[in-house]
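Participant: Sending over final.txt (compact mmCIF, N, CA and C atoms).
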```txt
# COMPACT_ATOMS: atom_id res chain seq x y z
N MET A 103 -6.61 -14.59 -2.30
CA MET A 103 -7.83 -13.81 -2.25
C MET A 103 -8.40 -13.63 -0.84
N PRO A 104 -7.96 -14.41 0.15
CA PRO A 104 -8.54 -14.21 1.49
C PRO A 104 -8.30 -12.80 2.03
N VAL A 105 -7.13 -12.24 1.76
CA VAL A 105 -6.85 -10.89 2.26
C VAL A 105 -7.77 -9.88 1.57
N LYS A 106 -7.97 -10.04 0.27
CA LYS A 106 -8.86 -9.12 -0.45
C LYS A 106 -10.29 -9.23 0.09
N ARG A 107 -10.74 -10.43 0.35
CA ARG A 107 -12.08 -10.59 0.92
C ARG A 107 -12.16 -9.95 2.30
N HIS A 108 -11.11 -10.15 3.10
CA HIS A 108 -11.05 -9.55 4.44
C HIS A 108 -11.18 -8.03 4.36
N LEU A 109 -10.60 -7.42 3.33
CA LEU A 109 -10.64 -5.97 3.17
C LEU A 109 -11.89 -5.50 2.44
N GLY A 110 -12.67 -6.43 1.91
CA GLY A 110 -13.88 -6.05 1.19
C GLY A 110 -13.60 -5.58 -0.22
N LEU A 111 -12.48 -6.03 -0.81
CA LEU A 111 -12.12 -5.64 -2.17
C LEU A 111 -12.70 -6.62 -3.19
N ASP A 112 -12.65 -6.23 -4.45
CA ASP A 112 -13.20 -7.09 -5.51
C ASP A 112 -12.24 -8.24 -5.82
N ASP A 113 -12.61 -9.09 -6.76
CA ASP A 113 -11.80 -10.26 -7.12
C ASP A 113 -10.82 -9.98 -8.25
N ASN A 114 -10.75 -8.74 -8.74
CA ASN A 114 -9.79 -8.40 -9.79
C ASN A 114 -8.37 -8.52 -9.25
N PRO A 115 -7.41 -8.83 -10.14
CA PRO A 115 -6.01 -8.95 -9.68
C PRO A 115 -5.53 -7.66 -9.02
N SER A 116 -4.76 -7.81 -7.98
CA SER A 116 -4.15 -6.70 -7.26
C SER A 116 -2.72 -7.07 -6.93
N TRP A 117 -1.90 -6.06 -6.65
CA TRP A 117 -0.52 -6.33 -6.29
C TRP A 117 -0.01 -5.22 -5.38
N ILE A 118 1.06 -5.54 -4.69
CA ILE A 118 1.76 -4.58 -3.85
C ILE A 118 3.17 -4.48 -4.41
N VAL A 119 3.61 -3.28 -4.73
CA VAL A 119 4.96 -3.06 -5.25
C VAL A 119 5.87 -2.73 -4.08
N VAL A 120 6.86 -3.58 -3.81
CA VAL A 120 7.76 -3.33 -2.69
C VAL A 120 9.11 -2.79 -3.17
N ALA A 121 9.32 -2.71 -4.47
CA ALA A 121 10.58 -2.20 -5.02
C ALA A 121 10.40 -0.78 -5.53
N GLU A 122 9.65 0.01 -4.81
CA GLU A 122 9.39 1.39 -5.19
C GLU A 122 8.91 2.11 -3.94
N GLY A 123 9.37 3.34 -3.77
CA GLY A 123 8.91 4.13 -2.65
C GLY A 123 8.36 5.45 -3.15
N ASN A 124 7.31 5.92 -2.54
CA ASN A 124 6.70 7.20 -2.90
C ASN A 124 6.60 8.07 -1.66
N GLU A 125 6.82 9.35 -1.84
CA GLU A 125 6.60 10.32 -0.79
C GLU A 125 5.45 11.20 -1.20
N PHE A 126 4.44 11.34 -0.34
CA PHE A 126 3.33 12.21 -0.64
C PHE A 126 2.61 12.60 0.63
N LEU A 127 1.87 13.68 0.55
CA LEU A 127 1.05 14.08 1.68
C LEU A 127 -0.20 13.21 1.69
N TRP A 128 -0.60 12.75 2.83
CA TRP A 128 -1.79 11.91 2.96
C TRP A 128 -3.02 12.79 3.05
N PRO A 129 -4.07 12.51 2.36
CA PRO A 129 -4.20 11.48 1.34
C PRO A 129 -3.68 11.99 0.00
N GLY A 130 -3.16 11.08 -0.79
CA GLY A 130 -2.64 11.44 -2.10
C GLY A 130 -3.76 11.69 -3.09
N TYR A 131 -3.40 12.29 -4.22
CA TYR A 131 -4.40 12.61 -5.24
C TYR A 131 -5.09 11.37 -5.80
N ASP A 132 -4.42 10.24 -5.74
CA ASP A 132 -4.98 9.02 -6.33
C ASP A 132 -5.81 8.20 -5.35
N LEU A 133 -5.95 8.67 -4.12
CA LEU A 133 -6.77 7.96 -3.15
C LEU A 133 -8.18 8.52 -3.16
N ARG A 134 -9.14 7.66 -3.01
CA ARG A 134 -10.54 8.08 -3.02
C ARG A 134 -11.19 7.65 -1.71
N LYS A 135 -12.10 8.46 -1.24
CA LYS A 135 -12.84 8.08 -0.03
C LYS A 135 -13.72 6.87 -0.32
N LEU A 136 -13.94 6.10 0.71
CA LEU A 136 -14.89 4.99 0.59
C LEU A 136 -16.27 5.56 0.31
N PRO A 137 -17.07 4.88 -0.47
CA PRO A 137 -18.42 5.37 -0.73
C PRO A 137 -19.18 5.59 0.58
N HIS A 138 -19.88 6.70 0.67
CA HIS A 138 -20.72 7.03 1.82
C HIS A 138 -19.94 7.11 3.13
N SER A 139 -18.68 7.61 3.06
CA SER A 139 -17.84 7.64 4.24
C SER A 139 -16.80 8.75 4.11
N ASP A 140 -16.21 9.13 5.21
CA ASP A 140 -15.08 10.05 5.19
C ASP A 140 -13.76 9.29 5.31
N ARG A 141 -13.80 7.99 5.21
CA ARG A 141 -12.61 7.15 5.35
C ARG A 141 -11.97 6.88 4.00
N TYR A 142 -10.66 6.72 4.03
CA TYR A 142 -9.89 6.34 2.85
C TYR A 142 -9.42 4.89 2.93
N ASP A 143 -9.42 4.32 4.11
CA ASP A 143 -8.86 2.99 4.29
C ASP A 143 -9.95 1.93 4.20
N TYR A 144 -9.55 0.76 3.76
CA TYR A 144 -10.45 -0.38 3.67
C TYR A 144 -10.27 -1.31 4.85
N GLY A 145 -9.34 -1.00 5.74
CA GLY A 145 -9.09 -1.84 6.90
C GLY A 145 -7.62 -2.17 7.02
N PHE A 146 -7.30 -2.94 8.01
CA PHE A 146 -5.92 -3.30 8.28
C PHE A 146 -5.58 -4.61 7.60
N LEU A 147 -4.33 -4.70 7.14
CA LEU A 147 -3.84 -5.97 6.62
C LEU A 147 -3.62 -6.90 7.81
N PRO A 148 -3.86 -8.18 7.61
CA PRO A 148 -3.54 -9.13 8.69
C PRO A 148 -2.06 -8.99 9.05
N PRO A 149 -1.72 -9.01 10.33
CA PRO A 149 -0.34 -8.74 10.76
C PRO A 149 0.73 -9.59 10.07
N ARG A 150 0.50 -10.87 9.89
CA ARG A 150 1.52 -11.71 9.24
C ARG A 150 1.75 -11.27 7.80
N PHE A 151 0.69 -10.95 7.07
CA PHE A 151 0.81 -10.49 5.69
C PHE A 151 1.51 -9.12 5.66
N PHE A 152 1.09 -8.20 6.55
CA PHE A 152 1.72 -6.89 6.62
C PHE A 152 3.22 -7.02 6.88
N ASN A 153 3.60 -7.88 7.81
CA ASN A 153 5.02 -8.06 8.13
C ASN A 153 5.81 -8.58 6.94
N GLN A 154 5.21 -9.45 6.13
CA GLN A 154 5.89 -9.94 4.92
C GLN A 154 6.13 -8.78 3.95
N VAL A 155 5.13 -7.95 3.76
CA VAL A 155 5.26 -6.80 2.86
C VAL A 155 6.29 -5.83 3.42
N PHE A 156 6.19 -5.52 4.70
CA PHE A 156 7.11 -4.59 5.34
C PHE A 156 8.55 -5.09 5.24
N ASP A 157 8.78 -6.36 5.55
CA ASP A 157 10.13 -6.92 5.48
C ASP A 157 10.69 -6.86 4.06
N ALA A 158 9.87 -7.14 3.07
CA ALA A 158 10.32 -7.08 1.68
C ALA A 158 10.68 -5.64 1.30
N PHE A 159 9.89 -4.67 1.76
CA PHE A 159 10.19 -3.27 1.48
C PHE A 159 11.49 -2.85 2.16
N VAL A 160 11.69 -3.23 3.41
CA VAL A 160 12.91 -2.89 4.13
C VAL A 160 14.13 -3.49 3.42
N ASP A 161 14.02 -4.73 2.99
CA ASP A 161 15.12 -5.36 2.25
C ASP A 161 15.45 -4.57 1.00
N TRP A 162 14.43 -4.17 0.26
CA TRP A 162 14.64 -3.37 -0.94
C TRP A 162 15.28 -2.04 -0.58
N TYR A 163 14.78 -1.39 0.46
CA TYR A 163 15.28 -0.07 0.85
C TYR A 163 16.76 -0.13 1.23
N LYS A 164 17.16 -1.19 1.90
CA LYS A 164 18.55 -1.35 2.32
C LYS A 164 19.47 -1.79 1.18
N SER A 165 18.91 -2.15 0.05
CA SER A 165 19.69 -2.73 -1.05
C SER A 165 20.51 -1.72 -1.84
N ASN A 166 20.36 -0.43 -1.57
CA ASN A 166 21.03 0.63 -2.33
C ASN A 166 20.55 0.73 -3.77
N ARG A 167 19.49 0.04 -4.11
CA ARG A 167 18.87 0.17 -5.43
C ARG A 167 17.65 1.08 -5.33
N ARG A 168 17.49 1.68 -4.19
CA ARG A 168 16.27 2.43 -3.92
C ARG A 168 16.24 3.77 -4.65
N ARG A 169 15.05 4.13 -4.95
CA ARG A 169 14.77 5.45 -5.50
C ARG A 169 13.40 5.84 -4.97
N ILE A 170 13.38 6.93 -4.24
CA ILE A 170 12.12 7.42 -3.68
C ILE A 170 11.60 8.50 -4.62
N THR A 171 10.36 8.37 -5.03
CA THR A 171 9.75 9.31 -5.97
C THR A 171 8.79 10.23 -5.22
N PRO A 172 9.04 11.55 -5.29
CA PRO A 172 8.07 12.46 -4.67
C PRO A 172 6.81 12.54 -5.51
N ARG A 173 5.67 12.41 -4.89
CA ARG A 173 4.38 12.50 -5.59
C ARG A 173 3.64 13.71 -5.04
N GLU A 174 3.18 14.55 -5.91
CA GLU A 174 2.43 15.74 -5.46
C GLU A 174 1.12 15.88 -6.18
```
Spit out the file's structure as structure tokens when you get a sec.

Facilitator:
Amino acid sequence: MPVKRHLGLDDNPSWIVVAEGNEFLWPGYDLRKLPHSDRYDYGFLPPRFFNQVFDAFVDWYKSNRRRITPRE
């Protein structure tokens, strides 16, 4: 939960899916602006956590089990 608190998110369960890739134009239809702002982001992930997620995604991508889904 420290990362969620750092980003100002709620305490509900959250997850990051690293075994799936999506292609879409930014911002996607499912993204919402922050209240009272023109921003879509809640902040940066701490570098060590981001690197863990990135490395897991790269491993999946190189595994030949990948499927990229176009989202429009």

Participant: Run DSSP on the backbone and give me the residues of chain A it puts in strand (DSSP E or B), as a ChimeraX atom specification.

Facilitator: /A:123-125,170-172

Participant: Any idea what the distance is between atom C of Phe126 of chain A and atom C of Tyr142 of chain A?

Facilitator: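 If I compute the distance from atom C of Phe126 of chain A to atom C of Tyr142 of chain A, I get 14.5 Å.
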
Participant: Please measure the separation of atom CA of Arg107 of chain A and atom CA of Trp128 of chain A, giving the value in Å to one decimal.

Facilitator: 24.8 Å

Participant: In chain A, what's alpha helix (DSSP H) per DSSP? Answer as a VMD selection string?

Facilitator: chain A and resid 104 to 109 149 to 164

Participant: Would you mind telling me which residue in A:Val155, A:Ala121, A:Leu127, A:Leu136 lies nearest to Arg169 of chain A when using all atoms listed in the file?

Facilitator: A:Ala121

Participant: Atom C of Phe156 of chain A and atom CA of Asp112 of chain A, how far apart in Å?

Facilitator: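 One can read the atom CA of Asp112 of chain A to atom C of Phe156 of chain A distance as 24.3 Å.
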
Participant: Leaving out Glu122 of chain A and any residue of its chain fewer than 3 positions from it, which residues lie within 8 Å of it when counting only N, CA and C atoms, given as a ChimeraX atom specification?

Facilitator: /A:118-119,125,159,162-163,168-171

Participant: I need the residues from that last selection saved to file as a PDB file, in the coordinates of the input (with N, CA and C atoms), if you can.

Facilitator:
```pdb
ATOM      1  N   ILE A 118       1.060  -5.540  -4.690  1.00  0.00           N
ATOM      2  CA  ILE A 118       1.760  -4.580  -3.850  1.00  0.00           C
ATOM      3  C   ILE A 118       3.170  -4.480  -4.410  1.00  0.00           C
ATOM      4  N   VAL A 119       3.610  -3.280  -4.730  1.00  0.00           N
ATOM      5  CA  VAL A 119       4.960  -3.060  -5.250  1.00  0.00           C
ATOM      6  C   VAL A 119       5.870  -2.730  -4.080  1.00  0.00           C
ATOM      7  N   GLU A 125       6.820   9.350  -1.840  1.00  0.00           N
ATOM      8  CA  GLU A 125       6.600  10.320  -0.790  1.00  0.00           C
ATOM      9  C   GLU A 125       5.450  11.200  -1.200  1.00  0.00           C
ATOM     10  N   PHE A 159       9.890  -4.670   1.760  1.00  0.00           N
ATOM     11  CA  PHE A 159      10.190  -3.270   1.480  1.00  0.00           C
ATOM     12  C   PHE A 159      11.490  -2.850   2.160  1.00  0.00           C
ATOM     13  N   TRP A 162      14.430  -4.170   0.260  1.00  0.00           N
ATOM     14  CA  TRP A 162      14.640  -3.370  -0.940  1.00  0.00           C
ATOM     15  C   TRP A 162      15.280  -2.040  -0.580  1.00  0.00           C
ATOM     16  N   TYR A 163      14.780  -1.390   0.460  1.00  0.00           N
ATOM     17  CA  TYR A 163      15.280  -0.070   0.850  1.00  0.00           C
ATOM     18  C   TYR A 163      16.760  -0.130   1.230  1.00  0.00           C
ATOM     19  N   ARG A 168      17.490   1.680  -4.190  1.00  0.00           N
ATOM     20  CA  ARG A 168      16.270   2.430  -3.920  1.00  0.00           C
ATOM     21  C   ARG A 168      16.240   3.770  -4.650  1.00  0.00           C
ATOM     22  N   ARG A 169      15.050   4.130  -4.950  1.00  0.00           N
ATOM     23  CA  ARG A 169      14.770   5.450  -5.500  1.00  0.00           C
ATOM     24  C   ARG A 169      13.400   5.840  -4.970  1.00  0.00           C
ATOM     25  N   ILE A 170      13.380   6.930  -4.240  1.00  0.00           N
ATOM     26  CA  ILE A 170      12.120   7.420  -3.680  1.00  0.00           C
ATOM     27  C   ILE A 170      11.600   8.500  -4.620  1.00  0.00           C
ATOM     28  N   THR A 171      10.360   8.370  -5.030  1.00  0.00           N
ATOM     29  CA  THR A 171       9.750   9.310  -5.970  1.00  0.00           C
ATOM     30  C   THR A 171       8.790  10.230  -5.220  1.00  0.00           C
TER      31      THR A 171
END
```

Participant: Just checking: using only N, CA and C atoms, which residue out of A:Asn166, A:Leu109, A:Pro115, A:Met103 ends up closest to Phe146 of chain A?

Facilitator: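 For Phe146 of chain A, the nearest of the candidates is A:Leu109.
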